[in-house]
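Trainee: The structure's right below; bear with me while I get my questions together.
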Amino acid sequence: MKVIVYGADGYIGWPMALHLASLGHEVLAVDNLARRSWDLEGGTEPLNEIASFDERVSVWNSLGQGKPITHRIYDICDYEAVASDIASFSPEAVVHFGEQRSAPFSMISREHAVRTQVNNIVGNLNILFAIHDINPEIHLVKLGSMGEYGTPNIDIEEGYLTITHNGRTDTLPYPKLPHSFYHLSKVADSYNIHFTSRVWGLRATDLNQGVVYGVSTPQTDIDPRLATRFDYDSVWGTALNRFTIQGSLGYPITVYGKGGQTRGYLDIRDTMACITLALENPPQAGEFRVFNQFTEQFSLNDLADTVAAVATKRGLDPRILHLENPRVEKEEHYYNAKHSALIDLGLAPHYLAETLIDSLFDFVTRYRDRIDSELLETPTVTWRDGANDVWRKHADLAIARENFQREGKGVIDRSL
Ligand code: NAD
Ligand code: USQ
């Protein structure tokens, strides 16, 4: 199959490009390197060293482990670039990861909220228009988020809810109560995709994904230059990544608020499997298919306790600290989200066991000299302020921009 992967230099997009190439699919990997420029902007970086986009692609292509990958660097907000590649590469499917994906980043200021929503909503619209204009048969596989639903006091269904109101019944998109301006951009994407499925007959799968963990896939493990990123700062690092590194170093494990916040989680290997299943089983023309993509649900207290148990077994003395919550979210709530559609298609999940956390401890320990303890500490972005000036560790954007361009790493985010 010919597949374009948008956001192919990112945490999930890179291993996905490798996974598809290893299965013999022809992959065009696209990214504008915005994620790397956002690191420079905020003074953050992943725990592990990651090769440049050019280098990781050339390493893969030199190994002869599957199909070679072709890659291109451009912004998907540039319609001409998106349309030109869809026309010339002629994919059967596109997998779209290429968005600003941090909830805290989207809550820094008005400008960050606008940047997030313009980047995400315009990029997604461009892909929809290019599919419509060039080949409406192309299957769009789009990464959404479980956080689009929020935490309602009823069961969460997979995309749709059948409602009886005043004696009449209809099946409608499930109501959304998103957690942040970032999650709101995903809701807008979902509506735009649903609309184009109904009006233009496009075929699309919206994957409402939970929090992804892990850095190890059969392909990323082949060579250190194929590694994917592990983030741990308070803007880009997920709670589980932060807890792991905090627990392994003897830092307090920073649970925000009461810790009853419950979310869906999945291993990065299951992300690969779910997307492959979606590609192999495309929806009908005109169908907007929604899967809830996670395998288990945990509260933050569950995660903190599991990390602390692993730390204790390793002879450490872990501490769990309940910080004042910088976010506005329910800290104790009902949560029961359906997630059977991917299992019905054949997903065989990897579950979060202490052994996986133990292997993450080993991973973190290997890179302990690179840890910037400032990034582990108190979160710098709050949901209430709307102008979080202190979030930047290195505020000198001009220097970051200059270095980035001098090192030839590619285009800087246009709105920096
Ligand atoms: P990431 O930030 O590591 O990767 C996203 C990639 O997209 C980056 O390399 C970035 O440079 C690129 N990108 C962003 N805007 C672009 C644009 N306009 N043009 C071209 N490229 C652009 O994020 P990730 O963690 O790999 O997440 C991938 C997708 O999955 C995102 O859409 C995210 O919202 C979704 N998702 C992630 C998780 C998770 O736990 N990581 C969970 C649920 C959903
Ligand atoms: N949290 C802590 N301590 C920390 C960091 C976070 O308690 O040190 C809490 C947050 O308050 C929140 C929960 O952990 O209640 C989850 O936060 P997170 O940062 O782990 O994940 P989130 O912001 O939800 O975002 C991540 C990805 C995003 C994806 C989302 C899936 O960054 O791209 O969309 O997970 S979901 O959560 O299902 O919406």
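Order determines the names: the first chain of the structure tokens is A, the second B, and so forth; residues in each chain are numbered 1 upward, and ligands are numbered 1 upward as they are shown.
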Mind running chain A against ligand 2 at 6 Å and telling me each contacting residue's nearest atom pair with the distance in Å (one decimal), counting only C-alpha atoms and all ligand atoms, chain and number ascending, as JSON lines?
Mentor:
```
{"residue": "A:Arg101", "atom": "CA", "partner": "ligand 2", "partner_atom_place_in_ligand_line": "33 (O)", "distance": 4.1}
{"residue": "A:Ser102", "atom": "CA", "partner": "ligand 2", "partner_atom_place_in_ligand_line": "32 (O)", "distance": 4.7}
{"residue": "A:Ala103", "atom": "CA", "partner": "ligand 2", "partner_atom_place_in_ligand_line": "23 (O)", "distance": 5.0}
{"residue": "A:Ser145", "atom": "CA", "partner": "ligand 2", "partner_atom_place_in_ligand_line": "34 (O)", "distance": 4.5}
{"residue": "A:Met146", "atom": "CA", "partner": "ligand 2", "partner_atom_place_in_ligand_line": "38 (O)", "distance": 3.8}
{"residue": "A:Gly147", "atom": "CA", "partner": "ligand 2", "partner_atom_place_in_ligand_line": "39 (O)", "distance": 3.1}
{"residue": "A:Gln209", "atom": "CA", "partner": "ligand 2", "partner_atom_place_in_ligand_line": "38 (O)", "distance": 5.8}
{"residue": "A:Gly210", "atom": "CA", "partner": "ligand 2", "partner_atom_place_in_ligand_line": "38 (O)", "distance": 3.6}
{"residue": "A:Val211", "atom": "CA", "partner": "ligand 2", "partner_atom_place_in_ligand_line": "35 (O)", "distance": 4.1}
{"residue": "A:Thr238", "atom": "CA", "partner": "ligand 2", "partner_atom_place_in_ligand_line": "20 (O)", "distance": 3.4}
{"residue": "A:Ala239", "atom": "CA", "partner": "ligand 2", "partner_atom_place_in_ligand_line": "20 (O)", "distance": 3.7}
{"residue": "A:Arg242", "atom": "CA", "partner": "ligand 2", "partner_atom_place_in_ligand_line": "8 (O)", "distance": 5.6}
{"residue": "A:Thr254", "atom": "CA", "partner": "ligand 2", "partner_atom_place_in_ligand_line": "8 (O)", "distance": 4.8}
{"residue": "A:Val255", "atom": "CA", "partner": "ligand 2", "partner_atom_place_in_ligand_line": "7 (O)", "distance": 3.7}
{"residue": "A:Tyr256", "atom": "CA", "partner": "ligand 2", "partner_atom_place_in_ligand_line": "7 (O)", "distance": 3.7}
{"residue": "A:Gln261", "atom": "CA", "partner": "ligand 2", "partner_atom_place_in_ligand_line": "15 (O)", "distance": 5.1}
{"residue": "A:Arg263", "atom": "CA", "partner": "ligand 2", "partner_atom_place_in_ligand_line": "38 (O)", "distance": 5.7}
{"residue": "A:Gly264", "atom": "CA", "partner": "ligand 2", "partner_atom_place_in_ligand_line": "38 (O)", "distance": 5.8}
{"residue": "A:Arg327", "atom": "CA", "partner": "ligand 2", "partner_atom_place_in_ligand_line": "11 (O)", "distance": 5.8}
```
Trainee: Tell me, as a PyMOL selection string, which residues lie within 12 Å of segment 376-380 of chain A, counting only C-alpha atoms; anything in the same chain fewer than 4 positions away does not count.
Mentor: chain A and resi 42+44-47+104-105+107-108+231-239+241-247+249-256+321-327+371-372+384-385+387-393
Trainee: May I have the residues from that selection written out with C-alpha atoms, as a short mmCIF file (atom, residue, chain, number, x, y, z; two decimals), in the first residue's frame?
Mentor:
```cif
data_model
loop_
_atom_site.label_atom_id
_atom_site.label_comp_id
_atom_site.auth_asym_id
_atom_site.auth_seq_id
_atom_site.Cartn_x
_atom_site.Cartn_y
_atom_site.Cartn_z
CA GLY A 42 10.78 26.74 25.25
CA THR A 44 13.01 21.82 26.39
CA GLU A 45 14.51 18.69 24.86
CA PRO A 46 13.85 14.97 24.96
CA LEU A 47 15.72 12.85 27.48
CA PRO A 104 -0.21 22.89 28.31
CA PHE A 105 1.43 24.48 25.21
CA MET A 107 -2.84 27.08 27.32
CA ILE A 108 0.27 29.30 27.62
CA ASP A 231 9.78 13.92 26.79
CA TYR A 232 9.61 14.67 30.49
CA ASP A 233 9.20 18.41 30.99
CA SER A 234 5.87 19.81 32.20
CA VAL A 235 4.76 21.07 28.77
CA TRP A 236 5.53 18.02 26.58
CA GLY A 237 6.10 15.16 29.03
CA THR A 238 3.07 13.06 29.87
CA ALA A 239 2.39 12.26 33.53
CA ASN A 241 6.92 9.75 31.60
CA ARG A 242 7.39 12.36 34.32
CA PHE A 243 6.50 9.95 37.13
CA THR A 244 8.96 7.36 35.75
CA ILE A 245 11.88 9.72 35.62
CA GLN A 246 10.99 11.33 38.96
CA GLY A 247 10.63 7.90 40.61
CA LEU A 249 15.86 9.59 40.40
CA GLY A 250 14.32 9.90 43.84
CA TYR A 251 12.48 13.12 42.93
CA PRO A 252 8.95 13.63 44.30
CA ILE A 253 6.35 12.16 41.92
CA THR A 254 4.21 15.19 40.97
CA VAL A 255 0.52 14.25 41.03
CA TYR A 256 -1.62 17.30 40.21
CA LEU A 321 3.66 14.76 46.16
CA HIS A 322 0.16 16.14 45.49
CA LEU A 323 0.75 19.58 43.94
CA GLU A 324 -1.88 22.26 43.55
CA ASN A 325 -3.43 21.43 40.17
CA PRO A 326 -2.31 23.89 37.46
CA ARG A 327 -5.10 22.58 35.19
CA ILE A 371 18.47 15.05 32.74
CA ASP A 372 17.71 18.73 33.29
CA ARG A 384 -6.43 30.00 34.72
CA ASP A 385 -3.81 32.63 33.85
CA ALA A 387 -0.65 34.56 29.94
CA ASN A 388 2.04 32.30 31.32
CA ASP A 389 5.14 34.38 30.72
CA VAL A 390 7.35 32.28 32.97
CA TRP A 391 7.03 29.07 30.97
CA ARG A 392 10.11 29.65 28.87
CA LYS A 393 13.35 28.43 30.25
#
```
Trainee: Which of segment 82-280 of chain A end up as alpha helix (DSSP H) when DSSP is run on this backbone - answer as a PyMOL selection string?
Mentor: chain A and resi 82-89+103-106+110-134+181-200+239-249+268-280
Trainee: Hey, what's within 9 Å of Leu143 of chain A if we count only C-alpha atoms and toss same-chain stuff fewer than 6 positions away? As a count of residues only, please?
Mentor: 10
Trainee: Report as CSV the residues of segment 344-395 of chain A within 12 Å of segment 279-287 of chain A, each with its shortest atom pair and distance in Å (one decimal), using only C-alpha atoms, ordered by chain and increasing residue number.
Mentor:
```
residue,atom,partner,partner_atom,distance
A:Asp344,CA,A:Asn281,CA,11.6
A:Leu345,CA,A:Asn281,CA,8.2
A:Gly346,CA,A:Asn281,CA,10.8
```
Trainee: Using the selection just defined, write its residues with N, CA, C and O atoms as a PDB file, in the first residue's frame.
Mentor:
```
ATOM      1  N   ASP A 344     -12.224  -5.926  18.379  1.00  0.00           N
ATOM      2  CA  ASP A 344     -13.037  -6.722  17.438  1.00  0.00           C
ATOM      3  C   ASP A 344     -12.306  -6.911  16.106  1.00  0.00           C
ATOM      4  O   ASP A 344     -12.500  -7.911  15.415  1.00  0.00           O
ATOM      5  N   LEU A 345     -11.462  -5.932  15.740  1.00  0.00           N
ATOM      6  CA  LEU A 345     -10.699  -6.062  14.482  1.00  0.00           C
ATOM      7  C   LEU A 345      -9.472  -6.955  14.656  1.00  0.00           C
ATOM      8  O   LEU A 345      -8.765  -7.249  13.704  1.00  0.00           O
ATOM      9  N   GLY A 346      -9.159  -7.347  15.913  1.00  0.00           N
ATOM     10  CA  GLY A 346      -8.052  -8.287  16.121  1.00  0.00           C
ATOM     11  C   GLY A 346      -6.902  -7.769  16.963  1.00  0.00           C
ATOM     12  O   GLY A 346      -5.862  -8.434  17.044  1.00  0.00           O
TER      13      GLY A 346
END
```
Trainee: If you count only C-alpha atoms, which residues fall within 7 Å of Ile76 of chain A, apart from same-chain ones fewer than 3 positions away, as a PyMOL selection string?
Mentor: chain A and resi 79+82+123
Trainee: Name the closest residue to Arg319 of chain A among the candidates A:Asn292, A:Ser248, A:Ser340, A:Ser22; distances are taken between atoms, counting only C-alpha atoms.
Mentor: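 Smallest separation from Arg319 of chain A among the options: A:Ser248.
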Trainee: Determine, counting only C-alpha atoms, which protein, DNA and RNA residues have an atom within 12 Å of an atom of Glu354 of chain A; residues of the same chain fewer than 5 positions away are not included. Present the result as a ChimeraX atom specification.
Mentor: /A:244,302-314,359-361
Trainee: Taking 2 positions as the minimum chain separation for residues in the same chain, which residues sit within 7 Å of segment 218-224 of chain A when counting only C-alpha atoms? Answer as a list in words.
Mentor: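 After dropping sequence-adjacent residues, the list is Pro15, Leu18, His19, Ser216, Leu226, Ala227 and Thr228 of chain A.
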Trainee: Do you know which residues are at most 9 Å from Gly66 of chain A counting only C-alpha atoms, after dropping those on the same chain fewer than 6 positions away, and could you put them as a list in words?
Mentor: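 Counting only the stated atoms, we get Leu18, Leu20, Ala21, Ser22, Leu23, Gly24, His25 and Trp60 of chain A.
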Trainee: Would you mind exporting the chosen residues as a PDB file, in the first residue's frame, restricted to N, CA and C atoms?
Mentor:
```
ATOM      1  N   LEU A  18       8.344   3.744  10.259  1.00  0.00           N
ATOM      2  CA  LEU A  18       9.229   2.562  10.246  1.00  0.00           C
ATOM      3  C   LEU A  18       8.410   1.274  10.208  1.00  0.00           C
ATOM      4  N   LEU A  20       5.366   0.738   9.118  1.00  0.00           N
ATOM      5  CA  LEU A  20       4.723   0.506   7.815  1.00  0.00           C
ATOM      6  C   LEU A  20       5.757   0.095   6.771  1.00  0.00           C
ATOM      7  N   ALA A  21       6.928   0.753   6.797  1.00  0.00           N
ATOM      8  CA  ALA A  21       7.983   0.395   5.832  1.00  0.00           C
ATOM      9  C   ALA A  21       8.454  -1.035   6.078  1.00  0.00           C
ATOM     10  N   SER A  22       8.516  -1.439   7.352  1.00  0.00           N
ATOM     11  CA  SER A  22       8.991  -2.805   7.661  1.00  0.00           C
ATOM     12  C   SER A  22       7.992  -3.847   7.166  1.00  0.00           C
ATOM     13  N   LEU A  23       6.714  -3.440   7.066  1.00  0.00           N
ATOM     14  CA  LEU A  23       5.696  -4.372   6.543  1.00  0.00           C
ATOM     15  C   LEU A  23       5.676  -4.394   5.015  1.00  0.00           C
ATOM     16  N   GLY A  24       6.525  -3.562   4.396  1.00  0.00           N
ATOM     17  CA  GLY A  24       6.612  -3.561   2.929  1.00  0.00           C
ATOM     18  C   GLY A  24       5.750  -2.499   2.272  1.00  0.00           C
ATOM     19  N   HIS A  25       5.183  -1.587   3.083  1.00  0.00           N
ATOM     20  CA  HIS A  25       4.388  -0.506   2.486  1.00  0.00           C
ATOM     21  C   HIS A  25       5.322   0.606   1.987  1.00  0.00           C
ATOM     22  N   TRP A  60      17.639   4.300   8.185  1.00  0.00           N
ATOM     23  CA  TRP A  60      16.668   3.240   7.869  1.00  0.00           C
ATOM     24  C   TRP A  60      16.895   2.705   6.448  1.00  0.00           C
TER      25      TRP A  60
END
```
